[in-house]
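Source file: input-v1.txt. Holds: compact mmCIF, C-alpha atoms and all ligand atoms.
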# COMPACT_ATOMS: atom_id res chain seq x y z
CA MET G 1 -16.35 -0.46 18.57
CA GLN G 2 -13.07 -2.36 18.12
CA ARG G 3 -9.87 -0.30 18.63
CA VAL G 4 -7.08 -1.20 16.24
CA VAL G 5 -3.66 0.42 15.87
CA LEU G 6 -2.75 1.30 12.28
CA ALA G 7 0.93 0.49 11.74
CA SER G 8 1.72 3.20 9.21
CA SER G 9 3.36 6.61 9.41
CA ASN G 10 2.40 7.55 5.84
CA ALA G 11 -0.30 10.24 6.06
CA HIS G 12 -1.63 9.45 2.56
CA LYS G 13 -2.12 5.79 3.38
CA LEU G 14 -3.74 6.71 6.70
CA ARG G 15 -6.29 8.85 4.86
CA GLU G 16 -7.10 6.19 2.25
CA ILE G 17 -7.37 3.37 4.82
CA GLY G 18 -9.45 5.58 7.14
CA GLU G 19 -11.93 6.32 4.34
CA ILE G 20 -12.31 2.67 3.39
CA LEU G 21 -12.74 1.50 6.99
CA ALA G 22 -15.06 4.36 8.03
CA PRO G 23 -18.28 2.29 7.74
CA SER G 24 -16.76 -0.80 9.39
CA GLY G 25 -17.12 0.16 13.05
CA ILE G 26 -13.37 -0.21 13.60
CA GLU G 27 -11.76 2.66 15.53
CA LEU G 28 -8.36 3.18 13.92
CA VAL G 29 -5.58 4.66 16.04
CA PRO G 30 -2.51 5.70 13.99
CA GLN G 31 0.72 4.43 15.57
CA THR G 32 2.10 7.98 15.46
CA ALA G 33 -0.71 9.11 17.81
CA LEU G 34 0.61 6.60 20.37
CA GLY G 35 4.22 7.68 19.92
CA ILE G 36 5.17 4.41 18.20
CA ALA G 37 8.13 4.74 15.83
CA ALA G 38 8.20 3.06 12.42
CA ALA G 39 9.40 -0.57 12.42
CA ASP G 40 12.55 -1.57 10.51
CA GLU G 41 11.43 -2.92 7.14
CA THR G 42 13.98 -5.71 6.74
CA GLY G 43 11.74 -8.19 4.90
CA ARG G 44 12.21 -9.32 1.30
CA SER G 45 8.53 -9.33 0.42
CA LEU G 46 5.60 -7.01 1.02
CA ILE G 47 3.97 -9.66 3.22
CA ASP G 48 7.15 -10.01 5.33
CA ASN G 49 7.27 -6.26 5.92
CA ALA G 50 3.55 -5.89 6.60
CA LEU G 51 3.86 -8.60 9.27
CA LEU G 52 6.91 -6.92 10.81
CA LYS G 53 5.06 -3.61 10.98
CA ALA G 54 1.85 -5.08 12.41
CA ARG G 55 3.64 -7.12 15.13
CA HIS G 56 5.78 -4.11 16.08
CA ALA G 57 2.76 -1.81 16.47
CA ALA G 58 0.69 -4.45 18.32
CA ALA G 59 3.55 -5.05 20.76
CA HIS G 60 3.89 -1.37 21.62
CA ALA G 61 0.20 -0.45 21.60
CA ARG G 62 -1.08 -3.68 23.19
CA LEU G 63 -3.89 -3.54 20.66
CA PRO G 64 -4.76 -5.52 17.53
CA ALA G 65 -2.92 -4.02 14.55
CA ILE G 66 -3.42 -3.49 10.83
CA ALA G 67 -0.41 -2.87 8.56
CA ASP G 68 -0.06 -2.08 4.87
CA ASP G 69 3.11 -2.69 2.91
CA SER G 70 2.80 -1.71 -0.70
CA GLY G 71 4.75 -0.82 -3.79
CA ILE G 72 4.89 -0.63 -7.54
CA GLU G 73 6.31 -3.39 -9.76
CA VAL G 74 7.44 -2.36 -13.23
CA ASP G 75 7.75 -5.05 -15.91
CA ALA G 76 10.65 -3.41 -17.78
CA LEU G 77 12.58 -3.25 -14.47
CA ASP G 78 11.99 -6.92 -13.58
CA GLY G 79 9.52 -5.95 -10.87
CA ARG G 80 11.55 -3.12 -9.30
CA PRO G 81 11.18 -1.02 -7.23
CA GLY G 82 8.67 -3.42 -5.56
CA VAL G 83 9.35 -3.77 -1.86
CA TYR G 84 11.81 -0.84 -2.08
CA SER G 85 9.29 1.61 -3.61
CA ALA G 86 9.46 4.06 -0.69
CA ARG G 87 13.29 3.96 -0.73
CA TYR G 88 13.88 3.72 -4.49
CA ALA G 89 16.05 6.85 -4.72
CA GLY G 90 17.65 6.36 -1.28
CA ALA G 91 16.91 5.70 2.39
CA ARG G 92 15.08 8.96 3.06
CA ALA G 93 13.96 9.72 -0.47
CA SER G 94 10.88 11.87 -1.03
CA ASP G 95 7.99 10.87 -3.31
CA GLU G 96 9.32 13.42 -5.82
CA GLN G 97 12.83 11.89 -5.83
CA ASN G 98 11.46 8.36 -6.25
CA LEU G 99 9.15 9.44 -9.06
CA LYS G 100 11.98 11.24 -10.85
CA LYS G 101 14.20 8.17 -10.64
CA LEU G 102 11.45 5.98 -12.12
CA GLU G 103 10.91 8.47 -14.96
CA GLN G 104 14.64 8.52 -15.70
CA GLU G 105 14.97 4.73 -15.69
CA LEU G 106 12.05 4.40 -18.10
CA ALA G 107 12.93 7.34 -20.34
CA LEU G 108 13.90 5.11 -23.28
CA VAL G 109 11.34 2.34 -22.68
CA PRO G 110 8.67 2.29 -25.41
CA HIS G 111 4.91 2.43 -24.85
CA ASP G 112 4.30 -1.33 -25.20
CA ARG G 113 6.89 -2.23 -22.52
CA ARG G 114 5.65 0.09 -19.76
CA GLY G 115 3.35 -2.34 -17.94
CA ALA G 116 3.27 -2.06 -14.14
CA ARG G 117 1.15 -2.94 -11.16
CA TYR G 118 0.60 -1.63 -7.69
CA VAL G 119 0.58 -4.35 -5.04
CA CYS G 120 -0.57 -4.10 -1.43
CA ALA G 121 -0.13 -6.60 1.39
CA MET G 122 -2.57 -5.90 4.22
CA VAL G 123 -2.15 -7.73 7.52
CA TYR G 124 -4.18 -7.98 10.72
CA VAL G 125 -2.80 -9.41 13.97
CA ARG G 126 -4.78 -9.79 17.18
CA TYR G 127 -1.59 -9.41 19.22
CA ALA G 128 2.14 -9.19 18.54
CA THR G 129 2.70 -12.95 18.71
CA ASP G 130 -0.45 -13.87 16.75
CA PRO G 131 0.32 -17.29 15.17
CA SER G 132 -2.43 -16.93 12.54
CA PRO G 133 -2.44 -13.40 11.15
CA ILE G 134 -4.92 -12.47 8.43
CA VAL G 135 -2.96 -11.68 5.25
CA CYS G 136 -4.60 -10.27 2.11
CA GLU G 137 -3.15 -8.90 -1.13
CA GLY G 138 -4.52 -6.54 -3.75
CA HIS G 139 -3.17 -5.89 -7.29
CA TRP G 140 -3.90 -2.97 -9.58
CA VAL G 141 -2.63 -3.35 -13.14
CA GLY G 142 -1.72 -0.33 -15.25
CA ARG G 143 1.07 1.34 -17.20
CA ILE G 144 3.73 3.95 -16.51
CA ALA G 145 2.79 7.05 -18.48
CA HIS G 146 5.40 9.10 -20.35
CA GLU G 147 4.22 12.26 -18.61
CA ARG G 148 2.79 13.12 -15.19
CA ARG G 149 -0.88 14.04 -14.90
CA GLY G 150 -3.11 14.94 -11.94
CA ASN G 151 -2.67 16.27 -8.43
CA ASN G 152 -4.53 13.76 -6.27
CA GLY G 153 -3.09 10.72 -4.50
CA PHE G 154 0.62 10.39 -3.70
CA GLY G 155 3.81 8.55 -4.60
CA TYR G 156 3.82 7.20 -8.15
CA ASP G 157 0.15 8.11 -8.83
CA PRO G 158 0.91 10.94 -11.34
CA VAL G 159 2.47 8.39 -13.75
CA PHE G 160 0.33 5.32 -12.94
CA PHE G 161 -1.98 5.18 -15.96
CA VAL G 162 -5.23 3.22 -15.62
CA PRO G 163 -6.10 2.00 -19.15
CA GLU G 164 -9.82 1.33 -18.48
CA LEU G 165 -10.32 4.97 -17.48
CA GLY G 166 -7.72 6.68 -19.66
CA LEU G 167 -6.58 8.57 -16.54
CA THR G 168 -3.68 8.43 -14.13
CA ALA G 169 -4.31 7.47 -10.50
CA ALA G 170 -3.56 11.09 -9.56
CA GLU G 171 -6.50 12.23 -11.74
CA LEU G 172 -8.99 10.04 -9.86
CA ASP G 173 -11.28 11.22 -7.08
CA PRO G 174 -10.25 9.57 -3.80
CA GLY G 175 -13.40 7.41 -3.75
CA VAL G 176 -12.72 6.10 -7.26
CA LYS G 177 -9.10 5.33 -6.40
CA ASN G 178 -10.18 3.43 -3.27
CA ALA G 179 -12.76 1.46 -5.26
CA MET G 180 -10.13 0.25 -7.75
CA SER G 181 -6.80 0.34 -5.96
CA HIS G 182 -4.54 -2.40 -4.65
CA ARG G 183 -5.11 -0.97 -1.14
CA GLY G 184 -8.91 -0.93 -1.47
CA GLN G 185 -8.95 -4.51 -2.75
CA ALA G 186 -6.68 -5.81 0.00
CA LEU G 187 -8.54 -3.99 2.74
CA ARG G 188 -11.97 -5.16 1.63
CA ALA G 189 -10.70 -8.76 1.48
CA LEU G 190 -9.26 -8.33 4.97
CA LEU G 191 -12.59 -7.06 6.29
CA VAL G 192 -14.41 -10.08 4.86
CA ALA G 193 -11.85 -12.44 6.44
CA LEU G 194 -12.00 -10.61 9.76
CA LEU G 195 -15.76 -10.76 9.85
CA GLY G 196 -15.58 -14.48 9.09
CA VAL G 197 -13.11 -15.08 11.93
CA GLN G 198 -15.16 -13.06 14.40
CA THR G 199 -18.52 -14.61 13.52
CA GLY G 200 -17.35 -18.11 12.64
CA ILE G 201 -18.75 -17.73 9.11
CA GLY G 202 -17.15 -20.41 6.94
CA ALA G 203 -16.30 -22.61 9.93
CA VAL G 204 -17.19 -26.31 9.55
CA SER G 205 -19.52 -27.33 12.35
P1 LIG G 301 4.63 3.06 6.23
O1 LIG G 301 5.68 1.99 6.16
O2 LIG G 301 4.75 3.91 7.44
O3 LIG G 301 3.24 2.53 6.02
P2 LIG G 301 5.75 3.89 3.68
O4 LIG G 301 5.47 5.02 2.74
O5 LIG G 301 7.20 3.65 4.05
O6 LIG G 301 4.86 4.10 5.00
P3 LIG G 301 5.73 1.35 2.30
O7 LIG G 301 7.02 0.91 2.90
O8 LIG G 301 4.61 0.37 2.21
O9 LIG G 301 5.12 2.59 3.10
O10 LIG G 301 6.06 1.93 0.86
C1 LIG G 301 5.02 2.18 -0.02
C2 LIG G 301 5.52 3.06 -1.17
O11 LIG G 301 4.99 2.53 -2.39
C3 LIG G 301 4.97 4.46 -1.02
O12 LIG G 301 5.86 5.30 -0.32
C4 LIG G 301 4.80 4.86 -2.47
O13 LIG G 301 6.04 5.27 -3.00
C5 LIG G 301 4.41 3.55 -3.14
N1 LIG G 301 2.93 3.38 -3.13
C6 LIG G 301 2.22 2.42 -2.48
N2 LIG G 301 0.91 2.59 -2.67
C7 LIG G 301 0.77 3.68 -3.44
C8 LIG G 301 -0.34 4.37 -3.95
O14 LIG G 301 -1.58 4.00 -3.68
N3 LIG G 301 -0.11 5.44 -4.70
C9 LIG G 301 1.14 5.86 -4.96
N4 LIG G 301 2.26 5.27 -4.51
C10 LIG G 301 2.08 4.19 -3.75
Write the structure described by the file as structure tokens, please.
Amino acid sequence: MQRVVLASSNAHKLREIGEILAPSGIELVPQTALGIAAADETGRSLIDNALLKARHAAAHARLPAIADDSGIEVDALDGRPGVYSARYAGARASDEQNLKKLEQELALVPHDRRGARYVCAMVYVRYATDPSPIVCEGHWVGRIAHERRGNNGFGYDPVFFVPELGLTAAELDPGVKNAMSHRGQALRALLVALLGVQTGIGAVS
């Protein structure tokens, strides 16, 4: 079984990623379990930050690393909060404070201008200096609801409305969220790429 450090300190993400990777044979070690502090997220894109996090964790753990940097992009806000989703209402803002700020900013925005999408950049590095990291993205398109619904998930899930289901992400069972979400998509793509690298599938002989 391959040991990989997971470069996240967000317990909700750890749970979702753990569930998706459970059948893969990868043994995930959260960076917090190794006493590794969170990396500084100084990048301007989700991919930049996911790479920073993965290299930081790999350097300290001396293990391959997986990192997730994700966020929500709202059309009426020109893509904000995007890469700043975790810090939307301030450096140490809680999910509740971020959610409240989003609701306030969109209070006067009508139904047809409330489009949004969750985006996830998922990165795998074999070691801190890996010159060819695996980088995958997932996108989940929806709308920001006028009112919160549901108690599952985390972050912006209570207002992230999934039109195909007529439910918010916080009303979905964890397995359904993982099957549809930006994180699930990115992680499954990463697994396919990783398997290809390890087995040489797709290599020209
Ligand atoms: P780590 O850096 O330790 O992984 P973090 O919470 O700081 O934890 P990010 O910098 O990637 O992670 O910020 C992601 C934020 O985007 C997260 O805090 C939520 O506000 C939001 N977000 C991302 N995916 C989400 C999801 O599936 N459901 C709800 N909100 C989500």
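What separates CA of Val135 (chain G) from CA of Asp95 (chain G) is a distance of 26.5 Å.
Excluding His146 (chain G) itself and same-chain residues fewer than 2 positions from it, the residues having an atom within 9 Å of it are G:Glu103, G:Leu106, G:Ala107, G:His111, G:Ile144, G:Arg148, G:Val159, counting only C-alpha atoms.
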Would you put the residues from that selection into a file with C-alpha atoms, as a CSV table (one decimal), in the coordinates of the input?
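Contents of the output file selection25.csv:
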chain,number,residue,atom,x,y,z
G,103,GLU,CA,10.9,8.5,-15.0
G,106,LEU,CA,12.0,4.4,-18.1
G,107,ALA,CA,12.9,7.3,-20.3
G,111,HIS,CA,4.9,2.4,-24.8
G,144,ILE,CA,3.7,4.0,-16.5
G,148,ARG,CA,2.8,13.1,-15.2
G,159,VAL,CA,2.5,8.4,-13.8
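Shortest separation to ligand LIG 301 (chain G) among G:Ile36, G:Ala65, G:Leu190, G:Ala50 occurs at residue G:Ala50, atoms counted being only C-alpha atoms and all ligand atoms.
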Any idea what's packed within 8 Å of region 11-15 of chain G, counting all atoms listed in the file, ignoring anything in its chain fewer than 6 positions away? Could you give it as a PyMOL selection string? chain G and resi 30+153-154
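You will find CA of Gly18 (chain G) at 12.9 Å from CA of Arg3 (chain G).
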Box time for ligand LIG 301 (chain G): axis-aligned, enclosing all its listed atoms, 6 Å extra on each side; report centre and edge lengths in Å to one decimal, as AutoDock Vina command-line options.
--center_x 2.8 --center_y 3.1 --center_z 1.2 --size_x 20.8 --size_y 17.5 --size_z 24.4
Within 9 Å of ligand LIG 301 (chain G), counting all atoms listed in the file: which residues, as a PDB file with C-alpha atoms, in the coordinates of the input?
ATOM      1  CA  LEU G   6      -2.750   1.300  12.280  1.00  0.00           C
ATOM      2  CA  ALA G   7       0.930   0.490  11.740  1.00  0.00           C
ATOM      3  CA  SER G   8       1.720   3.200   9.210  1.00  0.00           C
ATOM      4  CA  SER G   9       3.360   6.610   9.410  1.00  0.00           C
ATOM      5  CA  ASN G  10       2.400   7.550   5.840  1.00  0.00           C
ATOM      6  CA  ALA G  11      -0.300  10.240   6.060  1.00  0.00           C
ATOM      7  CA  HIS G  12      -1.630   9.450   2.560  1.00  0.00           C
ATOM      8  CA  LYS G  13      -2.120   5.790   3.380  1.00  0.00           C
ATOM      9  CA  LEU G  14      -3.740   6.710   6.700  1.00  0.00           C
ATOM     10  CA  GLU G  16      -7.100   6.190   2.250  1.00  0.00           C
ATOM     11  CA  ALA G  38       8.200   3.060  12.420  1.00  0.00           C
ATOM     12  CA  ALA G  39       9.400  -0.570  12.420  1.00  0.00           C
ATOM     13  CA  ASP G  40      12.550  -1.570  10.510  1.00  0.00           C
ATOM     14  CA  GLU G  41      11.430  -2.920   7.140  1.00  0.00           C
ATOM     15  CA  LEU G  46       5.600  -7.010   1.020  1.00  0.00           C
ATOM     16  CA  ASN G  49       7.270  -6.260   5.920  1.00  0.00           C
ATOM     17  CA  ALA G  50       3.550  -5.890   6.600  1.00  0.00           C
ATOM     18  CA  LYS G  53       5.060  -3.610  10.980  1.00  0.00           C
ATOM     19  CA  ALA G  67      -0.410  -2.870   8.560  1.00  0.00           C
ATOM     20  CA  ASP G  68      -0.060  -2.080   4.870  1.00  0.00           C
ATOM     21  CA  ASP G  69       3.110  -2.690   2.910  1.00  0.00           C
ATOM     22  CA  SER G  70       2.800  -1.710  -0.700  1.00  0.00           C
ATOM     23  CA  GLY G  71       4.750  -0.820  -3.790  1.00  0.00           C
ATOM     24  CA  ILE G  72       4.890  -0.630  -7.540  1.00  0.00           C
ATOM     25  CA  PRO G  81      11.180  -1.020  -7.230  1.00  0.00           C
ATOM     26  CA  GLY G  82       8.670  -3.420  -5.560  1.00  0.00           C
ATOM     27  CA  VAL G  83       9.350  -3.770  -1.860  1.00  0.00           C
ATOM     28  CA  TYR G  84      11.810  -0.840  -2.080  1.00  0.00           C
ATOM     29  CA  SER G  85       9.290   1.610  -3.610  1.00  0.00           C
ATOM     30  CA  ALA G  86       9.460   4.060  -0.690  1.00  0.00           C
ATOM     31  CA  ARG G  87      13.290   3.960  -0.730  1.00  0.00           C
ATOM     32  CA  TYR G  88      13.880   3.720  -4.490  1.00  0.00           C
ATOM     33  CA  SER G  94      10.880  11.870  -1.030  1.00  0.00           C
ATOM     34  CA  ASP G  95       7.990  10.870  -3.310  1.00  0.00           C
ATOM     35  CA  ASN G  98      11.460   8.360  -6.250  1.00  0.00           C
ATOM     36  CA  LEU G  99       9.150   9.440  -9.060  1.00  0.00           C
ATOM     37  CA  TYR G 118       0.600  -1.630  -7.690  1.00  0.00           C
ATOM     38  CA  VAL G 119       0.580  -4.350  -5.040  1.00  0.00           C
ATOM     39  CA  CYS G 120      -0.570  -4.100  -1.430  1.00  0.00           C
ATOM     40  CA  ALA G 121      -0.130  -6.600   1.390  1.00  0.00           C
ATOM     41  CA  GLY G 153      -3.090  10.720  -4.500  1.00  0.00           C
ATOM     42  CA  PHE G 154       0.620  10.390  -3.700  1.00  0.00           C
ATOM     43  CA  GLY G 155       3.810   8.550  -4.600  1.00  0.00           C
ATOM     44  CA  TYR G 156       3.820   7.200  -8.150  1.00  0.00           C
ATOM     45  CA  ASP G 157       0.150   8.110  -8.830  1.00  0.00           C
ATOM     46  CA  PRO G 158       0.910  10.940 -11.340  1.00  0.00           C
ATOM     47  CA  PHE G 160       0.330   5.320 -12.940  1.00  0.00           C
ATOM     48  CA  ALA G 169      -4.310   7.470 -10.500  1.00  0.00           C
ATOM     49  CA  ALA G 170      -3.560  11.090  -9.560  1.00  0.00           C
ATOM     50  CA  LYS G 177      -9.100   5.330  -6.400  1.00  0.00           C
ATOM     51  CA  ASN G 178     -10.180   3.430  -3.270  1.00  0.00           C
ATOM     52  CA  SER G 181      -6.800   0.340  -5.960  1.00  0.00           C
ATOM     53  CA  HIS G 182      -4.540  -2.400  -4.650  1.00  0.00           C
ATOM     54  CA  ARG G 183      -5.110  -0.970  -1.140  1.00  0.00           C
TER      55      ARG G 183
END
In Å and to one decimal, CA of Ile20 (chain G) is distant from CA of Ala189 (chain G) by 11.7 Å
Among the residues G:Glu27, G:Glu147, G:Glu105, G:Asp48, the one that comes closest to Arg80 (chain G) [using all atoms listed in the file]: G:Glu105
Near Phe161 (chain G), within 6 Å and counting only C-alpha atoms, which residues show up once chain neighbours fewer than 4 positions away are dropped, as a PyMOL selection string? chain G and resi 142-145+167-168
For Ala89 (chain G), which residue out of G:Leu77, G:Leu102, G:Ile47, G:Leu187 is the nearest one, using all atoms listed in the file? G:Leu102
